[in-house]
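Q: Okay, here's the structure, questions in a sec.
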Amino acid sequence: MIDFSGMLLYLAVSAFTPGPNNLMCMYLGATYGLKGSRKFITASMASVFVKALLCGLLNVALASVIPAVVPVLKWVGAAYMLYLAWTMLKSGMKGGQVGEKKGESTYSAGILLQILNMKSWVSAISLFSVYVVPYTTALWAVLAGAGTMLGLLIAASLSWCLFGRAIKNVYEKYRLPISILMALSLVYCAVTAVL
């Protein structure tokens, strides 16, 4: 029988802890607000759902493929996180008003982040290999697991974005130090992704 309480706890911790997506949501919330962040969040969440479905439906096949792919994805993902950190740092160094459109909150940025986001790949693989597939391979279970993961990630992304929006005035006042802190957080994510 599927351990739903364990699965929910695992997914909640995975969804709400800091990672590339949550840090970007906080940054975009502080910079553009919830409305200005919607393209990134929508694309990111759609990508996570597709990723979760793929991991669920192809769990057995992925088990043999992932060992060869993980090292490459780790380095590519870490490089992208460093690029995001650089973008945040550049944004913090620039003058101007918070909320100016710079192109960070786009559909393509959300999709690319999730393609390269090792945290959500590992979460999806772990979800199905630990909590679902050992108990059932039924399609409803795969859909339920992917849907649960998506629901928690939507809640987490919106929470981080709203938190960013809530600190907008602080961000405007301390734009450079906050941008440096968020960029360093992404650098930390990049380093831990490859270690």
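We label chains A, B, ... in the order they appear in the structure tokens, count residues from 1 in each chain, and number ligands from 1 in the order shown.
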Please provide the set of residues having any atom within 12 Å of Ser185 in chain A, restricted to only C-alpha atoms, with same-chain residues fewer than 5 positions apart removed, written as a PyMOL selection string.
A: chain A and resi 18-24+26-27+81-82+84-86+88-89+178-180+190-192
Q: Show which residues sit within 8 Å of Ala124 in chain A, as a count of residues only. Count only C-alpha atoms, and ignore same-chain residues fewer than 4 positions away.
A: 8
Q: Please provide the set of residues having any atom within 12 Å of Pro177 in chain A, restricted to only C-alpha atoms, with same-chain residues fewer than 2 positions apart removed, written as a list in words.
A: Met88, Leu89, Lys90, Ser91, Gly92, Met93, Val170, Tyr171, Glu172, Lys173, Tyr174, Arg175, Ser179, Ile180, Leu181, Met182, Ala183 and Leu184 of chain A
Q: Go ahead and compute the interatomic distance for CA of Val122 in chain A and CA of Ala30 in chain A, in Å to one decimal.
A: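 CA of Ala30 in chain A lies 27.9 Å from CA of Val122 in chain A.
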Q: What lies within 6 Å of range 11-15 of chain A using only C-alpha atoms, ignoring chain neighbours under 2 positions off, as a list in words?
A: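 My reading of the contact set: Leu8, Leu9, Thr17, Leu153 and Ala156 of chain A.
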Q: Would you mind telling me which residue in A:Ala138, A:Ala109, A:Leu158, A:Leu150 lies nearest to Val50 in chain A when using only C-alpha atoms?
A: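 When distances to Val50 in chain A are compared using only C-alpha atoms, the smallest one comes from A:Leu150.
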